[in-house]
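K.L.:
mmCIF, C-alpha atoms, saved as structure37.cif, coming up:
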data_structure
#
loop_
_atom_site.label_atom_id
_atom_site.label_comp_id
_atom_site.auth_asym_id
_atom_site.auth_seq_id
_atom_site.Cartn_x
_atom_site.Cartn_y
_atom_site.Cartn_z
CA MET A 1 -15.71 -8.14 36.47
CA ARG A 2 -17.50 -9.59 33.45
CA GLN A 3 -14.68 -12.02 32.79
CA ALA A 4 -16.77 -13.66 30.07
CA GLY A 5 -18.12 -10.87 27.91
CA ARG A 6 -18.47 -9.37 24.47
CA TYR A 7 -14.82 -8.32 24.31
CA LEU A 8 -13.82 -12.00 23.96
CA PRO A 9 -14.22 -13.71 20.56
CA GLU A 10 -14.61 -17.07 22.34
CA TYR A 11 -17.64 -15.72 24.17
CA ARG A 12 -19.14 -14.20 21.04
CA ARG A 13 -18.91 -17.55 19.23
CA VAL A 14 -20.99 -19.19 21.95
CA ARG A 15 -23.44 -16.28 21.99
CA ASP A 16 -24.06 -16.79 18.29
CA ARG A 17 -25.84 -20.00 19.30
CA PHE A 18 -27.83 -18.69 22.26
CA SER A 19 -29.82 -15.69 23.37
CA PHE A 20 -28.48 -14.12 26.55
CA LEU A 21 -31.08 -15.69 28.84
CA ASP A 22 -30.82 -19.05 27.08
CA LEU A 23 -27.07 -19.00 27.66
CA CYS A 24 -27.62 -18.31 31.36
CA ARG A 25 -30.09 -21.20 31.55
CA ASN A 26 -27.87 -23.67 29.66
CA SER A 27 -25.49 -24.91 32.36
CA ASP A 28 -23.14 -26.63 29.92
CA ALA A 29 -22.72 -23.49 27.80
CA ALA A 30 -22.50 -21.15 30.81
CA ALA A 31 -19.82 -23.37 32.33
CA GLN A 32 -17.98 -23.45 29.01
CA VAL A 33 -17.72 -19.66 28.71
CA THR A 34 -16.68 -19.44 32.38
CA VAL A 35 -13.91 -22.01 32.08
CA ASP A 36 -12.74 -20.91 28.64
CA THR A 37 -12.31 -17.37 29.92
CA VAL A 38 -10.24 -18.42 32.92
CA ARG A 39 -7.93 -20.43 30.68
CA ARG A 40 -7.73 -17.69 28.07
CA LEU A 41 -6.84 -14.94 30.52
CA GLY A 42 -4.94 -16.73 33.28
CA VAL A 43 -6.84 -15.02 36.08
CA ASP A 44 -6.68 -16.24 39.68
CA ALA A 45 -10.39 -16.99 40.17
CA ALA A 46 -13.44 -17.89 38.09
CA ILE A 47 -16.71 -16.02 38.46
CA ILE A 48 -19.61 -17.97 37.03
CA PHE A 49 -21.49 -16.72 33.99
CA ALA A 50 -24.96 -15.58 35.04
CA ASP A 51 -26.89 -12.34 35.54
CA ILE A 52 -27.94 -10.40 38.62
CA LEU A 53 -31.60 -10.20 37.54
CA LEU A 54 -32.32 -13.91 37.09
CA PRO A 55 -34.24 -14.25 40.40
CA LEU A 56 -36.80 -11.72 39.13
CA ILE A 57 -38.03 -14.20 36.51
CA PRO A 58 -39.54 -16.81 38.86
CA MET A 59 -40.78 -13.97 41.07
CA GLY A 60 -43.08 -13.02 38.21
CA ALA A 61 -41.27 -10.17 36.46
CA ASP A 62 -41.53 -10.05 32.69
CA LEU A 63 -37.79 -9.77 32.05
CA ARG A 64 -36.22 -9.66 28.63
CA TYR A 65 -32.95 -8.47 27.14
CA GLU A 66 -33.08 -6.18 24.14
CA LYS A 67 -30.08 -5.87 21.87
CA GLY A 68 -28.26 -2.64 22.59
CA ASP A 69 -30.73 -1.64 25.31
CA GLY A 70 -30.04 -4.08 28.13
CA PRO A 71 -32.67 -5.60 30.44
CA ARG A 72 -36.28 -4.48 30.25
CA ILE A 73 -39.03 -5.33 32.73
CA GLU A 74 -42.58 -4.77 31.52
CA ARG A 75 -44.35 -5.70 34.76
CA THR A 76 -42.85 -3.06 37.06
CA VAL A 77 -43.26 -3.11 40.84
CA ARG A 78 -44.54 0.25 42.09
CA THR A 79 -47.52 -0.43 44.36
CA ALA A 80 -48.52 -2.68 47.23
CA ALA A 81 -50.63 -4.69 44.80
CA ASP A 82 -47.60 -5.22 42.58
CA VAL A 83 -45.67 -6.65 45.52
CA ASP A 84 -48.64 -8.87 46.42
CA ALA A 85 -48.55 -10.29 42.89
CA LEU A 86 -44.94 -11.46 43.22
CA HIS A 87 -43.99 -15.03 44.10
CA SER A 88 -41.78 -16.30 46.89
CA VAL A 89 -39.85 -18.92 44.95
CA SER A 90 -37.90 -22.11 45.51
CA VAL A 91 -34.50 -21.28 44.06
CA GLU A 92 -33.60 -24.94 43.65
CA GLU A 93 -36.64 -25.53 41.43
CA SER A 94 -36.56 -22.30 39.46
CA LEU A 95 -32.83 -21.41 39.37
CA GLY A 96 -31.20 -24.80 39.79
CA PHE A 97 -29.41 -24.39 36.47
CA ILE A 98 -27.09 -21.90 38.19
CA ALA A 99 -26.16 -24.49 40.81
CA GLU A 100 -25.42 -26.94 38.00
CA THR A 101 -23.20 -24.34 36.32
CA VAL A 102 -21.22 -24.00 39.56
CA ARG A 103 -20.85 -27.78 39.85
CA LEU A 104 -19.67 -28.10 36.24
CA VAL A 105 -17.14 -25.30 36.64
CA ARG A 106 -15.80 -26.82 39.86
CA LYS A 107 -15.42 -30.18 38.17
CA GLU A 108 -13.76 -28.78 35.04
CA LEU A 109 -11.28 -26.58 36.91
CA GLU A 110 -10.47 -29.29 39.48
CA ASN A 111 -9.71 -26.72 42.20
CA GLN A 112 -7.06 -25.00 40.05
CA VAL A 113 -8.63 -21.65 41.00
CA PRO A 114 -11.48 -20.65 43.34
CA VAL A 115 -14.99 -20.38 41.93
CA ILE A 116 -17.01 -17.28 42.81
CA GLY A 117 -20.80 -17.21 42.77
CA PHE A 118 -22.79 -14.00 42.86
CA ALA A 119 -26.13 -12.26 43.11
CA GLY A 120 -27.54 -8.79 42.78
CA ALA A 121 -28.00 -7.01 46.09
CA PRO A 122 -31.61 -6.33 47.15
CA PHE A 123 -31.49 -2.60 46.35
CA THR A 124 -30.13 -3.00 42.83
CA VAL A 125 -32.46 -5.88 41.94
CA ALA A 126 -35.48 -4.09 43.42
CA SER A 127 -34.58 -0.88 41.59
CA TYR A 128 -34.47 -2.65 38.25
CA ALA A 129 -37.93 -4.07 38.94
CA ILE A 130 -39.27 -0.67 39.96
CA GLU A 131 -37.70 1.38 37.17
CA GLY A 132 -38.30 -1.24 34.48
CA GLY A 133 -34.70 -1.01 33.27
CA GLY A 134 -31.75 1.33 33.52
CA SER A 135 -32.17 4.74 35.13
CA ARG A 136 -30.26 7.97 35.65
CA ASN A 137 -32.20 9.52 38.50
CA TYR A 138 -34.09 6.57 40.06
CA VAL A 139 -37.23 8.66 40.43
CA ALA A 140 -39.63 5.70 40.69
CA THR A 141 -37.36 3.87 43.16
CA LYS A 142 -36.87 6.83 45.48
CA SER A 143 -40.53 7.78 45.23
CA LEU A 144 -41.59 4.35 46.44
CA MET A 145 -39.01 4.46 49.25
CA HIS A 146 -40.23 7.79 50.58
CA ASN A 147 -43.93 7.81 49.66
CA ASP A 148 -44.78 4.22 50.59
CA PRO A 149 -42.05 2.92 52.92
CA GLN A 150 -44.20 0.02 54.10
CA THR A 151 -44.43 -1.37 50.57
CA TRP A 152 -40.73 -0.69 50.02
CA HIS A 153 -39.75 -2.67 53.11
CA ARG A 154 -42.04 -5.58 52.17
CA PHE A 155 -40.52 -5.74 48.70
CA MET A 156 -36.95 -5.51 49.97
CA ASP A 157 -37.54 -8.24 52.54
CA LEU A 158 -38.89 -10.56 49.83
CA VAL A 159 -35.92 -9.88 47.54
CA ALA A 160 -33.45 -10.30 50.43
CA ARG A 161 -34.85 -13.70 51.41
CA ILE A 162 -34.72 -15.00 47.85
CA THR A 163 -31.22 -13.58 47.36
CA ALA A 164 -29.91 -15.34 50.46
CA ASP A 165 -31.43 -18.64 49.32
CA TYR A 166 -29.95 -18.11 45.85
CA LEU A 167 -26.44 -17.49 47.17
CA ASN A 168 -26.63 -20.39 49.61
CA MET A 169 -27.65 -22.65 46.73
CA GLN A 170 -24.47 -21.60 44.90
CA ILE A 171 -22.37 -22.18 48.02
CA ASP A 172 -23.89 -25.63 48.49
CA ALA A 173 -23.08 -26.39 44.84
CA GLY A 174 -19.41 -25.62 45.45
CA ALA A 175 -18.80 -21.86 45.17
CA HIS A 176 -15.74 -21.00 47.26
CA ALA A 177 -16.85 -17.39 47.73
CA VAL A 178 -19.76 -15.18 46.70
CA GLN A 179 -20.11 -11.58 45.58
CA LEU A 180 -23.08 -9.32 46.28
CA PHE A 181 -23.40 -6.72 43.51
CA ASP A 182 -25.03 -3.43 44.55
CA SER A 183 -24.23 -1.70 41.29
CA TRP A 184 -26.79 1.09 41.68
CA VAL A 185 -26.57 1.89 45.38
CA GLY A 186 -24.28 4.88 44.83
CA CYS A 187 -27.34 6.93 43.87
CA LEU A 188 -28.38 7.11 47.54
CA SER A 189 -27.52 9.49 50.34
CA PRO A 190 -25.92 7.90 53.43
CA GLY A 191 -29.12 8.48 55.41
CA ASP A 192 -31.32 6.76 52.84
CA TYR A 193 -28.83 3.90 52.58
CA ARG A 194 -28.90 3.30 56.32
CA ARG A 195 -32.70 3.49 56.52
CA PHE A 196 -33.80 1.72 53.37
CA VAL A 197 -30.97 -0.57 52.24
CA LEU A 198 -28.44 -1.51 54.91
CA PRO A 199 -30.85 -3.78 56.87
CA TYR A 200 -31.52 -5.90 53.78
CA SER A 201 -27.93 -6.26 52.60
CA GLN A 202 -27.15 -7.19 56.19
CA GLN A 203 -30.03 -9.69 56.18
CA VAL A 204 -28.62 -11.43 53.10
CA ILE A 205 -25.03 -11.59 54.32
CA ARG A 206 -25.97 -12.81 57.80
CA ALA A 207 -28.06 -15.62 56.29
CA LEU A 208 -25.18 -17.07 54.25
CA ARG A 209 -23.39 -20.30 55.12
CA PRO A 210 -20.79 -19.58 57.83
CA GLY A 211 -17.21 -19.55 56.63
CA THR A 212 -17.91 -18.49 53.05
CA PRO A 213 -16.06 -15.28 52.10
CA VAL A 214 -18.36 -12.51 50.90
CA ILE A 215 -17.37 -9.66 48.56
CA HIS A 216 -19.71 -6.66 48.91
CA PHE A 217 -19.52 -4.51 45.77
CA GLY A 218 -20.92 -1.13 44.76
CA THR A 219 -20.08 1.78 42.48
CA MET A 220 -20.05 5.51 43.22
CA THR A 221 -20.06 4.57 46.89
CA GLY A 222 -17.35 6.86 48.24
CA SER A 223 -19.82 8.33 50.74
CA LEU A 224 -21.24 4.90 51.67
CA LEU A 225 -18.14 2.76 52.22
CA THR A 226 -18.25 2.57 56.01
CA ASP A 227 -22.00 1.91 55.91
CA MET A 228 -21.45 -0.89 53.40
CA ARG A 229 -18.81 -2.32 55.70
CA ASP A 230 -21.36 -2.24 58.52
CA ALA A 231 -23.85 -4.07 56.30
CA GLY A 232 -21.34 -6.91 56.07
CA GLY A 233 -18.82 -8.61 53.87
CA ASP A 234 -15.25 -9.79 54.23
CA VAL A 235 -14.19 -7.70 51.22
CA ILE A 236 -15.56 -4.31 50.14
CA GLY A 237 -15.43 -3.43 46.46
CA LEU A 238 -13.93 -0.07 45.48
CA ASP A 239 -14.45 1.69 42.20
CA TRP A 240 -11.88 4.02 40.62
CA ARG A 241 -13.47 7.16 42.06
CA VAL A 242 -11.66 6.68 45.38
CA GLN A 243 -7.97 6.16 46.14
CA LEU A 244 -7.47 2.61 47.32
CA ASP A 245 -5.19 3.42 50.24
CA GLU A 246 -7.35 6.26 51.54
CA ALA A 247 -10.54 4.17 51.28
CA TRP A 248 -8.89 1.24 53.04
CA LYS A 249 -7.93 3.46 55.96
CA ARG A 250 -11.58 4.45 56.33
CA LEU A 251 -12.76 0.86 56.10
CA GLY A 252 -10.39 -0.63 58.64
CA ASP A 253 -10.07 -4.37 59.11
CA VAL A 254 -11.66 -5.77 55.95
CA GLY A 255 -10.29 -6.77 52.57
CA VAL A 256 -10.76 -4.55 49.54
CA GLN A 257 -11.33 -5.32 45.87
CA GLY A 258 -10.42 -2.99 43.04
CA ASN A 259 -9.98 -0.53 41.69
CA MET A 260 -8.69 0.25 38.21
CA ASP A 261 -10.78 2.34 35.83
CA PRO A 262 -11.83 -0.06 33.03
CA VAL A 263 -11.41 2.70 30.45
CA LEU A 264 -7.65 2.56 31.08
CA LEU A 265 -7.73 -0.75 29.22
CA PHE A 266 -8.00 1.32 26.04
CA SER A 267 -4.59 2.89 26.78
CA ASN A 268 -1.15 1.71 25.71
CA ALA A 269 0.68 -1.06 27.54
CA GLN A 270 2.90 1.26 29.57
CA THR A 271 -0.06 3.28 30.84
CA ILE A 272 -1.79 0.06 31.91
CA ARG A 273 1.32 -1.19 33.68
CA ASP A 274 1.79 2.16 35.43
CA ALA A 275 -1.81 2.07 36.65
CA VAL A 276 -1.33 -1.45 38.00
CA ARG A 277 1.86 -0.43 39.75
CA ASP A 278 0.16 2.58 41.36
CA ILE A 279 -2.74 0.53 42.72
CA LEU A 280 -0.40 -2.14 44.10
CA ARG A 281 1.75 0.58 45.63
CA ARG A 282 -1.32 1.90 47.43
CA ALA A 283 -2.18 -1.61 48.65
CA ASN A 284 1.41 -1.77 49.91
CA GLY A 285 1.47 -5.53 50.29
CA ARG A 286 -1.27 -5.47 52.92
CA PRO A 287 -3.10 -8.82 53.11
CA GLY A 288 -6.62 -8.80 51.76
CA HIS A 289 -6.31 -6.93 48.46
CA ILE A 290 -8.00 -8.45 45.40
CA PHE A 291 -6.81 -6.62 42.31
CA ASN A 292 -9.75 -5.98 40.03
CA LEU A 293 -11.34 -3.38 37.84
CA GLY A 294 -13.60 -0.85 39.51
CA HIS A 295 -16.45 -2.05 37.28
CA GLY A 296 -16.99 -4.35 34.32
CA ILE A 297 -14.86 -4.68 31.20
CA LEU A 298 -16.33 -2.64 28.35
CA PRO A 299 -17.40 -4.59 25.23
CA GLU A 300 -14.88 -2.98 22.86
CA THR A 301 -11.85 -3.59 25.13
CA PRO A 302 -8.82 -5.08 23.29
CA VAL A 303 -8.13 -8.56 24.64
CA ASP A 304 -4.36 -8.00 24.44
CA ASN A 305 -4.73 -5.10 26.85
CA VAL A 306 -6.59 -7.29 29.33
CA LEU A 307 -3.71 -9.78 29.13
CA THR A 308 -1.23 -6.94 29.67
CA LEU A 309 -3.12 -5.99 32.83
CA ILE A 310 -3.15 -9.54 34.19
CA ASP A 311 0.53 -10.10 33.43
CA ALA A 312 1.41 -6.83 35.16
CA VAL A 313 -0.56 -7.75 38.28
CA HIS A 314 1.21 -11.10 38.48
CA GLU A 315 4.63 -9.58 37.83
CA TYR A 316 4.38 -6.67 40.23
CA GLY A 317 2.29 -8.57 42.78
CA SER A 318 4.85 -11.36 43.11
CA ALA A 319 7.60 -8.79 43.53
#
Show how you would write the structure in this file as structure tokens.

P.N.:
Amino acid sequence: MRQAGRYLPEYRRVRDRFSFLDLCRNSDAAAQVTVDTVRRLGVDAAIIFADILLPLIPMGADLRYEKGDGPRIERTVRTAADVDALHSVSVEESLGFIAETVRLVRKELENQVPVIGFAGAPFTVASYAIEGGGSRNYVATKSLMHNDPQTWHRFMDLVARITADYLNMQIDAGAHAVQLFDSWVGCLSPGDYRRFVLPYSQQVIRALRPGTPVIHFGTMTGSLLTDMRDAGGDVIGLDWRVQLDEAWKRLGDVGVQGNMDPVLLFSNAQTIRDAVRDILRRANGRPGHIFNLGHGILPETPVDNVLTLIDAVHEYGSA
């Protein structure tokens, strides 16, 4: 979860030379921060350096990243005419630099660890485009869903088709697995999820190359977990707001990823090790558990604490 990020001095040194979007577009630099992070931390898989909103750029969104304020989209999508103005894109032509990043990472790591590609799920990507940036209440998104469902479904279908093409491009470039990030979907009721979102997450996952493992991730999704399972994915991401063992019982025969609170990485070493031990105890050696944070590493996180976490997972996991 944000393996390469602002908490790492190695990443910050590269970022001094590039804007965020320029770093995403520069395959050599994006591969460098991906590989350097894997070697620095000793994790068991590499997730490529990219961003979930990149497909919005060739679609016609005016996307930029403002320091301290995250992504901003000036040309929001809130009407049928706004959807009509969007482009159905060729991902190879417009986002091929991501495929090149995957190829470079595969070559550099020489199959030492698996390489994970990723994309934003249709709901989260669409919501960013509708809201114009971050949101607390998702008023514009939910208003479009309920007041103009026809436009909502057209927009979601377009995003889903591009997302599937984007993930398949990464798979074809060598990604061993892919993750679908639905970071915002926890704002929905189960009924709205089933009506307005599940068909499109399902559309993406069903369109992916057969045999490629899929991790389906969301936050604040305690009430949506079984619906997310029904949408698809070999592994369902859990955040720290649910107990891993209890959630896994509800999910049944799928893998789970998670689910340590990233804020615990600001604690002392013993607290971190105790948290790792508790999560692994709840997994109880059952096949299919990917130890991870419940969400991304925070920028101010001490690197030594991240290393403590990883060492503890390897120590207790092997035992």

K.L.:
Show me, as a count of residues only, the residues that have an atom within 12 Å of segment 278-280 of chain A when counting only C-alpha atoms, minus same-chain residues fewer than 6 positions from it.

P.N.:
34

K.L.:
So that I can check the surroundings of Gly5 of chain A, please list as an mmCIF file with C-alpha atoms, keeping the file's coordinate frame every protein, DNA and RNA residue that reaches within 8 Å of it, counting only C-alpha atoms and ignoring chain neighbours fewer than 3 positions away.

P.N.:
data_model
loop_
_atom_site.group_PDB
_atom_site.id
_atom_site.type_symbol
_atom_site.label_atom_id
_atom_site.label_comp_id
_atom_site.auth_asym_id
_atom_site.auth_seq_id
_atom_site.Cartn_x
_atom_site.Cartn_y
_atom_site.Cartn_z
ATOM 1 C CA ARG A 2 -17.500 -9.590 33.450
ATOM 2 C CA LEU A 8 -13.820 -12.000 23.960
ATOM 3 C CA TYR A 11 -17.640 -15.720 24.170
ATOM 4 C CA ARG A 12 -19.140 -14.200 21.040
ATOM 5 C CA ILE A 297 -14.860 -4.680 31.200
ATOM 6 C CA PRO A 299 -17.400 -4.590 25.230
#

K.L.:
Determine, for each residue of segment 193-297 of chain A having at least one atom at most 12 Å from an atom of segment 99-118 of chain A, the closest pair of atoms and their separation in Å to one decimal, counting all atoms listed in the file; order by chain and ascending number, as a Markdown table.

P.N.:
| residue | atom | partner | partner_atom | distance |
| --- | --- | --- | --- | --- |
| A:Ile205 | CA | A:Phe118 | CA | 11.9 |
| A:Thr212 | CA | A:Ile116 | CA | 10.4 |
| A:Pro213 | CA | A:Ile116 | CA | 9.6 |
| A:Val214 | CA | A:Phe118 | CA | 9.3 |
| A:Ile215 | CA | A:Phe118 | CA | 9.0 |
| A:His216 | CA | A:Phe118 | CA | 10.0 |
| A:Phe217 | CA | A:Phe118 | CA | 10.5 |

K.L.:
Pick out the residues sitting within 12 Å of segment 60-77 of chain A, and hand them over as a ChimeraX atom specification; count all atoms listed in the file, and ignore anything fewer than 3 positions along from it in its own chain.

P.N.:
/A:19-22,24,51-57,80-89,94,125-135,140-141,144,151-152,154-156,299

K.L.:
Suppose we keep C-alpha atoms; can you now write the selection as a compact mmCIF listing (two decimals), keeping the file's coordinate frame?

P.N.:
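In the end it all went to part_32.txt:
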# COMPACT_ATOMS: atom_id res chain seq x y z
CA SER A 19 -29.82 -15.69 23.37
CA PHE A 20 -28.48 -14.12 26.55
CA LEU A 21 -31.08 -15.69 28.84
CA ASP A 22 -30.82 -19.05 27.08
CA CYS A 24 -27.62 -18.31 31.36
CA ASP A 51 -26.89 -12.34 35.54
CA ILE A 52 -27.94 -10.40 38.62
CA LEU A 53 -31.60 -10.20 37.54
CA LEU A 54 -32.32 -13.91 37.09
CA PRO A 55 -34.24 -14.25 40.40
CA LEU A 56 -36.80 -11.72 39.13
CA ILE A 57 -38.03 -14.20 36.51
CA ALA A 80 -48.52 -2.68 47.23
CA ALA A 81 -50.63 -4.69 44.80
CA ASP A 82 -47.60 -5.22 42.58
CA VAL A 83 -45.67 -6.65 45.52
CA ASP A 84 -48.64 -8.87 46.42
CA ALA A 85 -48.55 -10.29 42.89
CA LEU A 86 -44.94 -11.46 43.22
CA HIS A 87 -43.99 -15.03 44.10
CA SER A 88 -41.78 -16.30 46.89
CA VAL A 89 -39.85 -18.92 44.95
CA SER A 94 -36.56 -22.30 39.46
CA VAL A 125 -32.46 -5.88 41.94
CA ALA A 126 -35.48 -4.09 43.42
CA SER A 127 -34.58 -0.88 41.59
CA TYR A 128 -34.47 -2.65 38.25
CA ALA A 129 -37.93 -4.07 38.94
CA ILE A 130 -39.27 -0.67 39.96
CA GLU A 131 -37.70 1.38 37.17
CA GLY A 132 -38.30 -1.24 34.48
CA GLY A 133 -34.70 -1.01 33.27
CA GLY A 134 -31.75 1.33 33.52
CA SER A 135 -32.17 4.74 35.13
CA ALA A 140 -39.63 5.70 40.69
CA THR A 141 -37.36 3.87 43.16
CA LEU A 144 -41.59 4.35 46.44
CA THR A 151 -44.43 -1.37 50.57
CA TRP A 152 -40.73 -0.69 50.02
CA ARG A 154 -42.04 -5.58 52.17
CA PHE A 155 -40.52 -5.74 48.70
CA MET A 156 -36.95 -5.51 49.97
CA PRO A 299 -17.40 -4.59 25.23

K.L.:
Using all atoms listed in the file, which residues sit within 8 Å of Met220 of chain A once same-chain residues fewer than 4 positions away are excluded, as a list of chain:residue names?

P.N.:
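Returned residues: A:Val185, A:Gly186, A:Cys187, A:Asp239, A:Arg241.
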
K.L.:
Can you work out which one of A:Asn26, A:Thr37, A:His295, A:His146 has the shortest atom-to-atom distance to Pro9 of chain A, counting only C-alpha atoms?

P.N.:
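Closest residue, counting only C-alpha atoms: A:Thr37.
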
K.L.:
Quick one: residues within 9 Å of Ser90 of chain A, all atoms listed in the file counted, chain neighbours fewer than 5 positions away excluded, as number ranges by chain?

P.N.:
A: 58, 95, 162, 165-166

K.L.:
With distances taken over only C-alpha atoms, which residue among A:Phe49, A:Phe97, A:Tyr138, A:Tyr193 lies nearest Thr34 of chain A?

P.N.:
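The answer is A:Phe49, which sits nearest to Thr34 of chain A.
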